[in-house]
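Engineer: One structure follows; several queries about it will come next.
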Amino acid sequence: MRVSAPLGRRAAAEAVGSAALVAVVVGSGIQATELSRDVGVQLLANSISTVFGLAVLIVLLGPVSGAHFNPAVTLAAWFTGRRSADGLSLREVAAYVPAQIAGAVAGAVLADAMFAEPLVKWSTHDRFAGHLWLGEVVATAGLILLIFGLNRTGHERFAPVAVASFIGAAYWFTSSTSFANPAVTIGRTLTDTFAGIAPTSVAPFIAAQLAGAAVGLGLVVLIFGPAAPAETDVVMPQGATELAASPH
């Protein structure tokens, strides 16, 4: 998806989209725990809300910014298009990534405010374990493979449904519940609720996500072959989420 809006508007779209995505993830998690004591039901409600929310955000904001909402996607888009005159530039990356992180933080605070939770309270939900990091590698690699695979096959129009569906599935088939998004991971440290992650768990999660992005790009080349120069001009939309998203 080509985007031609001014950089300021694109960064604003990334911030708003990231904020809305995290608000959906955190808010639905809080609501789920208030309505049910069954952890399976809580995760189901959280994942369904994320799927619908992410799809809507990609449809709405994709034409403005490409709907990355995810530094891993932004970095992958820059890397694949770095030799193209129309590829994502480092200046654009420098605008997108802070906007995504700021939006994710704002989204977590907003969700807490809506449910009368402390606006900022560090999460105590420890997620520090090797099998969870592997889950993040798998989730992020799959997300990158999907996004750039759709690009390479000319099926970008399916991105809203395909990306949201993948994140929804990855909630359940990955051990980490598929954060797959460094910005969302940072935002979720600020809420001590169902969707939170302890600050001490963040660094290895983000390292696993970046490693997963590299694996995903490698799989794109392995499956679809090296990209022709014209194909690297396209920036594809994303989505925790693990999502993301987280989701997300």
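Within each chain, counting starts at residue 1; across the structure tokens, chains are named A, B, ... in the order shown, with ligands numbered 1 upward in that order.
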Residues within 9 Å of region 10-27 of chain A, please, as an mmCIF file with N, CA, C and O atoms, in the first residue's frame. Count only C-alpha atoms; anything in the same chain fewer than 5 positions from it doesn't count.

Structural biologist:
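Result file follows (around-v1.cif):
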```
data_model
loop_
_atom_site.group_PDB
_atom_site.id
_atom_site.type_symbol
_atom_site.label_atom_id
_atom_site.label_comp_id
_atom_site.auth_asym_id
_atom_site.auth_seq_id
_atom_site.Cartn_x
_atom_site.Cartn_y
_atom_site.Cartn_z
ATOM 1 N N VAL A 3 1.570 5.141 0.437
ATOM 2 C CA VAL A 3 1.002 6.221 1.231
ATOM 3 C C VAL A 3 1.670 7.516 0.818
ATOM 4 O O VAL A 3 2.862 7.566 0.554
ATOM 5 N N SER A 4 0.873 8.604 0.739
ATOM 6 C CA SER A 4 1.424 9.874 0.256
ATOM 7 C C SER A 4 1.096 11.034 1.176
ATOM 8 O O SER A 4 1.386 12.176 0.848
ATOM 9 N N ALA A 5 0.495 10.773 2.335
ATOM 10 C CA ALA A 5 0.169 11.840 3.274
ATOM 11 C C ALA A 5 1.452 12.439 3.828
ATOM 12 O O ALA A 5 2.499 11.782 3.886
ATOM 13 N N ALA A 32 -13.046 -8.481 30.526
ATOM 14 C CA ALA A 32 -13.179 -9.941 30.578
ATOM 15 C C ALA A 32 -12.998 -10.464 31.998
ATOM 16 O O ALA A 32 -13.726 -11.366 32.440
ATOM 17 N N ASN A 46 -10.680 -11.429 25.088
ATOM 18 C CA ASN A 46 -9.569 -10.544 24.764
ATOM 19 C C ASN A 46 -9.131 -10.707 23.310
ATOM 20 O O ASN A 46 -8.905 -9.719 22.589
ATOM 21 N N SER A 47 -9.035 -11.944 22.857
ATOM 22 C CA SER A 47 -8.575 -12.198 21.487
ATOM 23 C C SER A 47 -9.601 -11.761 20.450
ATOM 24 O O SER A 47 -9.245 -11.175 19.417
ATOM 25 N N SER A 49 -11.895 -9.380 20.740
ATOM 26 C CA SER A 49 -11.897 -7.913 20.695
ATOM 27 C C SER A 49 -10.697 -7.384 19.915
ATOM 28 O O SER A 49 -10.814 -6.439 19.126
ATOM 29 N N THR A 50 -9.542 -7.997 20.122
ATOM 30 C CA THR A 50 -8.340 -7.567 19.426
ATOM 31 C C THR A 50 -8.451 -7.789 17.923
ATOM 32 O O THR A 50 -8.054 -6.930 17.124
ATOM 33 N N GLY A 53 -10.901 -5.130 16.559
ATOM 34 C CA GLY A 53 -10.324 -3.797 16.665
ATOM 35 C C GLY A 53 -9.182 -3.577 15.691
ATOM 36 O O GLY A 53 -9.098 -2.533 15.038
ATOM 37 N N LEU A 54 -8.306 -4.565 15.571
ATOM 38 C CA LEU A 54 -7.159 -4.431 14.678
ATOM 39 C C LEU A 54 -7.596 -4.331 13.226
ATOM 40 O O LEU A 54 -7.078 -3.509 12.463
ATOM 41 N N LEU A 57 -8.911 -0.835 12.539
ATOM 42 C CA LEU A 57 -7.848 0.169 12.522
ATOM 43 C C LEU A 57 -7.027 0.104 11.234
ATOM 44 O O LEU A 57 -6.620 1.136 10.697
ATOM 45 N N ILE A 58 -6.771 -1.105 10.741
ATOM 46 C CA ILE A 58 -6.017 -1.227 9.493
ATOM 47 C C ILE A 58 -6.802 -0.649 8.327
ATOM 48 O O ILE A 58 -6.265 0.078 7.482
ATOM 49 N N LEU A 61 -6.889 3.402 8.963
ATOM 50 C CA LEU A 61 -5.657 4.180 8.950
ATOM 51 C C LEU A 61 -4.623 3.698 7.935
ATOM 52 O O LEU A 61 -3.647 4.398 7.683
ATOM 53 N N GLY A 62 -4.847 2.529 7.356
ATOM 54 C CA GLY A 62 -3.918 2.027 6.348
ATOM 55 C C GLY A 62 -3.673 2.997 5.208
ATOM 56 O O GLY A 62 -2.520 3.205 4.799
ATOM 57 N N VAL A 64 -3.584 6.108 5.247
ATOM 58 C CA VAL A 64 -2.832 7.291 5.686
ATOM 59 C C VAL A 64 -1.365 6.955 5.944
ATOM 60 O O VAL A 64 -0.463 7.606 5.411
ATOM 61 N N SER A 65 -1.123 5.932 6.787
ATOM 62 C CA SER A 65 0.251 5.655 7.218
ATOM 63 C C SER A 65 0.766 4.270 6.837
ATOM 64 O O SER A 65 1.941 3.964 7.034
ATOM 65 N N GLY A 66 -0.100 3.412 6.303
ATOM 66 C CA GLY A 66 0.271 2.028 6.087
ATOM 67 C C GLY A 66 -0.139 1.155 7.260
ATOM 68 O O GLY A 66 -0.037 -0.058 7.194
ATOM 69 N N ALA A 67 -0.608 1.776 8.363
ATOM 70 C CA ALA A 67 -1.113 1.052 9.538
ATOM 71 C C ALA A 67 -0.122 0.020 10.055
ATOM 72 O O ALA A 67 -0.451 -1.141 10.230
ATOM 73 N N HIS A 68 1.105 0.462 10.326
ATOM 74 C CA HIS A 68 2.090 -0.436 10.934
ATOM 75 C C HIS A 68 1.730 -0.727 12.386
ATOM 76 O O HIS A 68 1.642 -1.882 12.786
ATOM 77 N N PHE A 69 1.621 0.333 13.198
ATOM 78 C CA PHE A 69 1.346 0.251 14.637
ATOM 79 C C PHE A 69 2.371 -0.627 15.357
ATOM 80 O O PHE A 69 2.090 -1.149 16.432
ATOM 81 N N ASN A 70 3.540 -0.796 14.785
ATOM 82 C CA ASN A 70 4.468 -1.816 15.263
ATOM 83 C C ASN A 70 5.881 -1.485 14.788
ATOM 84 O O ASN A 70 6.148 -1.509 13.577
ATOM 85 N N GLU A 92 11.623 8.704 8.242
ATOM 86 C CA GLU A 92 10.258 8.227 8.493
ATOM 87 C C GLU A 92 10.231 7.219 9.637
ATOM 88 O O GLU A 92 9.315 7.233 10.464
ATOM 89 N N ALA A 95 10.255 8.952 12.846
ATOM 90 C CA ALA A 95 8.966 9.551 13.200
ATOM 91 C C ALA A 95 7.965 8.479 13.625
ATOM 92 O O ALA A 95 7.202 8.671 14.580
ATOM 93 N N TYR A 96 7.957 7.374 12.920
ATOM 94 C CA TYR A 96 6.973 6.317 13.184
ATOM 95 C C TYR A 96 7.175 5.661 14.547
ATOM 96 O O TYR A 96 6.223 5.493 15.312
ATOM 97 N N VAL A 97 8.397 5.233 14.838
ATOM 98 C CA VAL A 97 8.626 4.413 16.037
ATOM 99 C C VAL A 97 8.294 5.154 17.328
ATOM 100 O O VAL A 97 7.559 4.614 18.183
ATOM 101 N N PRO A 98 8.774 6.392 17.543
ATOM 102 C CA PRO A 98 8.366 7.102 18.760
ATOM 103 C C PRO A 98 6.854 7.327 18.831
ATOM 104 O O PRO A 98 6.261 7.276 19.923
ATOM 105 N N ALA A 99 6.230 7.591 17.681
ATOM 106 C CA ALA A 99 4.781 7.787 17.661
ATOM 107 C C ALA A 99 4.060 6.511 18.085
ATOM 108 O O ALA A 99 3.075 6.560 18.833
ATOM 109 N N GLN A 100 4.545 5.379 17.627
ATOM 110 C CA GLN A 100 3.944 4.102 18.000
ATOM 111 C C GLN A 100 4.080 3.831 19.498
ATOM 112 O O GLN A 100 3.123 3.405 20.155
ATOM 113 N N ILE A 101 5.260 4.100 20.037
ATOM 114 C CA ILE A 101 5.486 3.864 21.470
ATOM 115 C C ILE A 101 4.654 4.821 22.314
ATOM 116 O O ILE A 101 4.003 4.414 23.296
ATOM 117 N N ALA A 102 4.650 6.100 21.946
ATOM 118 C CA ALA A 102 3.854 7.076 22.691
ATOM 119 C C ALA A 102 2.370 6.728 22.632
ATOM 120 O O ALA A 102 1.650 6.834 23.633
ATOM 121 N N GLY A 103 1.907 6.306 21.463
ATOM 122 C CA GLY A 103 0.516 5.916 21.327
ATOM 123 C C GLY A 103 0.180 4.712 22.186
ATOM 124 O O GLY A 103 -0.883 4.656 22.825
ATOM 125 N N ALA A 104 1.074 3.736 22.221
ATOM 126 C CA ALA A 104 0.842 2.534 23.029
ATOM 127 C C ALA A 104 0.741 2.876 24.512
ATOM 128 O O ALA A 104 -0.120 2.354 25.234
ATOM 129 N N VAL A 105 1.609 3.760 24.977
ATOM 130 C CA VAL A 105 1.567 4.194 26.378
ATOM 131 C C VAL A 105 0.246 4.909 26.661
ATOM 132 O O VAL A 105 -0.430 4.644 27.668
ATOM 133 N N ALA A 106 -0.146 5.812 25.772
ATOM 134 C CA ALA A 106 -1.402 6.549 25.946
ATOM 135 C C ALA A 106 -2.599 5.602 25.942
ATOM 136 O O ALA A 106 -3.553 5.795 26.702
ATOM 137 N N GLY A 107 -2.559 4.582 25.094
ATOM 138 C CA GLY A 107 -3.661 3.632 25.030
ATOM 139 C C GLY A 107 -3.839 2.844 26.309
ATOM 140 O O GLY A 107 -4.969 2.587 26.753
ATOM 141 N N ALA A 108 -2.723 2.465 26.940
ATOM 142 C CA ALA A 108 -2.801 1.733 28.209
ATOM 143 C C ALA A 108 -3.381 2.621 29.305
ATOM 144 O O ALA A 108 -4.231 2.184 30.095
ATOM 145 N N VAL A 109 -2.941 3.886 29.353
ATOM 146 C CA VAL A 109 -3.452 4.821 30.355
ATOM 147 C C VAL A 109 -4.944 5.058 30.134
ATOM 148 O O VAL A 109 -5.740 5.090 31.086
ATOM 149 N N LEU A 110 -5.350 5.202 28.873
ATOM 150 C CA LEU A 110 -6.758 5.420 28.548
ATOM 151 C C LEU A 110 -7.621 4.246 28.989
ATOM 152 O O LEU A 110 -8.697 4.434 29.579
ATOM 153 N N ALA A 111 -7.167 3.033 28.705
ATOM 154 C CA ALA A 111 -7.934 1.849 29.101
ATOM 155 C C ALA A 111 -8.084 1.789 30.615
ATOM 156 O O ALA A 111 -9.174 1.514 31.137
ATOM 157 N N ASP A 112 -7.005 2.056 31.349
ATOM 158 C CA ASP A 112 -7.080 2.061 32.804
ATOM 159 C C ASP A 112 -8.071 3.117 33.293
ATOM 160 O O ASP A 112 -8.852 2.882 34.225
ATOM 161 N N MET A 114 -10.699 4.305 31.740
ATOM 162 C CA MET A 114 -12.078 3.926 31.442
ATOM 163 C C MET A 114 -12.650 2.936 32.444
ATOM 164 O O MET A 114 -13.864 2.885 32.650
ATOM 165 N N PHE A 115 -11.781 2.140 33.072
ATOM 166 C CA PHE A 115 -12.245 1.131 34.029
ATOM 167 C C PHE A 115 -11.886 1.482 35.471
ATOM 168 O O PHE A 115 -11.896 0.620 36.346
ATOM 169 N N ALA A 183 6.196 -1.862 20.633
ATOM 170 C CA ALA A 183 5.478 -0.712 21.195
ATOM 171 C C ALA A 183 4.363 -1.171 22.124
ATOM 172 O O ALA A 183 4.196 -0.640 23.236
ATOM 173 N N VAL A 184 3.602 -2.155 21.690
ATOM 174 C CA VAL A 184 2.522 -2.686 22.521
ATOM 175 C C VAL A 184 3.087 -3.307 23.793
ATOM 176 O O VAL A 184 2.510 -3.173 24.881
ATOM 177 N N GLY A 187 3.838 -0.477 26.169
ATOM 178 C CA GLY A 187 2.608 0.093 26.688
ATOM 179 C C GLY A 187 1.966 -0.765 27.754
ATOM 180 O O GLY A 187 1.439 -0.261 28.761
ATOM 181 N N ARG A 188 2.037 -2.067 27.589
ATOM 182 C CA ARG A 188 1.369 -2.978 28.515
ATOM 183 C C ARG A 188 2.093 -3.129 29.855
ATOM 184 O O ARG A 188 1.580 -3.745 30.775
ATOM 185 N N THR A 191 0.073 -1.179 32.995
ATOM 186 C CA THR A 191 -1.213 -1.586 33.532
ATOM 187 C C THR A 191 -1.071 -2.910 34.272
ATOM 188 O O THR A 191 -0.636 -3.907 33.686
ATOM 189 N N THR A 193 -3.024 -5.262 35.019
ATOM 190 C CA THR A 193 -4.284 -5.957 34.761
ATOM 191 C C THR A 193 -4.002 -7.192 33.910
ATOM 192 O O THR A 193 -2.840 -7.552 33.678
ATOM 193 N N PHE A 194 -5.059 -7.806 33.413
ATOM 194 C CA PHE A 194 -4.963 -9.064 32.683
ATOM 195 C C PHE A 194 -3.928 -9.026 31.557
ATOM 196 O O PHE A 194 -3.195 -9.986 31.341
ATOM 197 N N ALA A 195 -3.861 -7.933 30.824
ATOM 198 C CA ALA A 195 -2.999 -7.848 29.641
ATOM 199 C C ALA A 195 -1.598 -7.327 29.934
ATOM 200 O O ALA A 195 -0.794 -7.174 29.021
ATOM 201 N N GLY A 196 -1.276 -7.061 31.205
ATOM 202 C CA GLY A 196 -0.002 -6.438 31.529
ATOM 203 C C GLY A 196 1.195 -7.365 31.390
ATOM 204 O O GLY A 196 1.069 -8.587 31.297
ATOM 205 N N GLY A 239 -0.593 -5.041 11.905
ATOM 206 C CA GLY A 239 -1.151 -4.991 13.192
ATOM 207 C C GLY A 239 -0.403 -5.471 14.259
ATOM 208 O O GLY A 239 0.242 -6.217 14.485
ATOM 209 N N ALA A 240 0.400 -7.907 19.202
ATOM 210 C CA ALA A 240 0.345 -7.358 20.166
ATOM 211 C C ALA A 240 0.517 -7.048 20.525
ATOM 212 O O ALA A 240 0.708 -8.039 20.508
ATOM 213 N N THR A 241 0.078 -7.426 18.737
ATOM 214 C CA THR A 241 -0.311 -7.712 19.477
ATOM 215 C C THR A 241 0.109 -8.278 19.361
ATOM 216 O O THR A 241 -0.102 -9.474 20.337
ATOM 217 N N LEU A 243 -1.424 -8.983 18.737
ATOM 218 C CA LEU A 243 -1.223 -8.693 18.464
ATOM 219 C C LEU A 243 -0.193 -8.889 19.506
ATOM 220 O O LEU A 243 -1.014 -10.205 20.098
ATOM 221 N N ALA A 244 -0.314 -6.592 16.691
ATOM 222 C CA ALA A 244 -0.144 -6.891 16.982
ATOM 223 C C ALA A 244 -0.993 -6.956 17.682
ATOM 224 O O ALA A 244 0.518 -8.185 16.832
ATOM 225 N N ALA A 245 -1.695 -7.890 17.873
ATOM 226 C CA ALA A 245 -1.268 -7.597 17.752
ATOM 227 C C ALA A 245 -1.647 -8.468 18.517
ATOM 228 O O ALA A 245 -0.247 -8.625 18.788
ATOM 229 N N SER A 246 -1.418 -8.165 20.423
ATOM 230 C CA SER A 246 -0.825 -8.331 20.882
ATOM 231 C C SER A 246 -1.046 -8.533 20.588
ATOM 232 O O SER A 246 -0.076 -7.582 19.358
ATOM 233 N N PRO A 247 -0.369 -9.286 21.465
ATOM 234 C CA PRO A 247 -1.211 -8.755 20.704
ATOM 235 C C PRO A 247 -0.785 -7.408 20.807
ATOM 236 O O PRO A 247 -0.723 -7.111 21.865
ATOM 237 N N HIS A 248 -0.123 -6.796 19.238
ATOM 238 C CA HIS A 248 -0.726 -6.104 20.235
ATOM 239 C C HIS A 248 0.293 -5.473 21.056
ATOM 240 O O HIS A 248 1.352 -5.771 21.141
#
```

Engineer: Would you please give, as a ChimeraX atom specification, all residues of region 35-173 of chain A that DSSP assigns to alpha helix (DSSP H) based on the backbone?

Structural biologist: /A:35,39-65,71-81,90-114,130-152,159-173

Engineer: Need to verify the contact set: region 210-218 of chain A, 9 Å, only C-alpha atoms, exclusion of same-chain residues closer than 2 positions in sequence. Can you return it as a PyMOL selection string?

Structural biologist: chain A and resi 72-73+75-76+80+134+136-146+148+180-182+205-208+220-223

Engineer: Using only C-alpha atoms for the distances, tell me which of A:Gly135, A:Pro160, A:Gly29, A:Gly168 is nearest to Val51 (chain A).

Structural biologist: A:Gly168

Engineer: For each of A:Val56, A:Ala198, A:Ala203, A:Ala227, take the minimum atom-to-atom distance to Ser123 (chain A), counting only C-alpha atoms, then give the residue where this is smallest.

Structural biologist: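 Of A:Val56, A:Ala198, A:Ala203, A:Ala227, the one nearest Ser123 (chain A), counting only C-alpha atoms, is A:Ala198.
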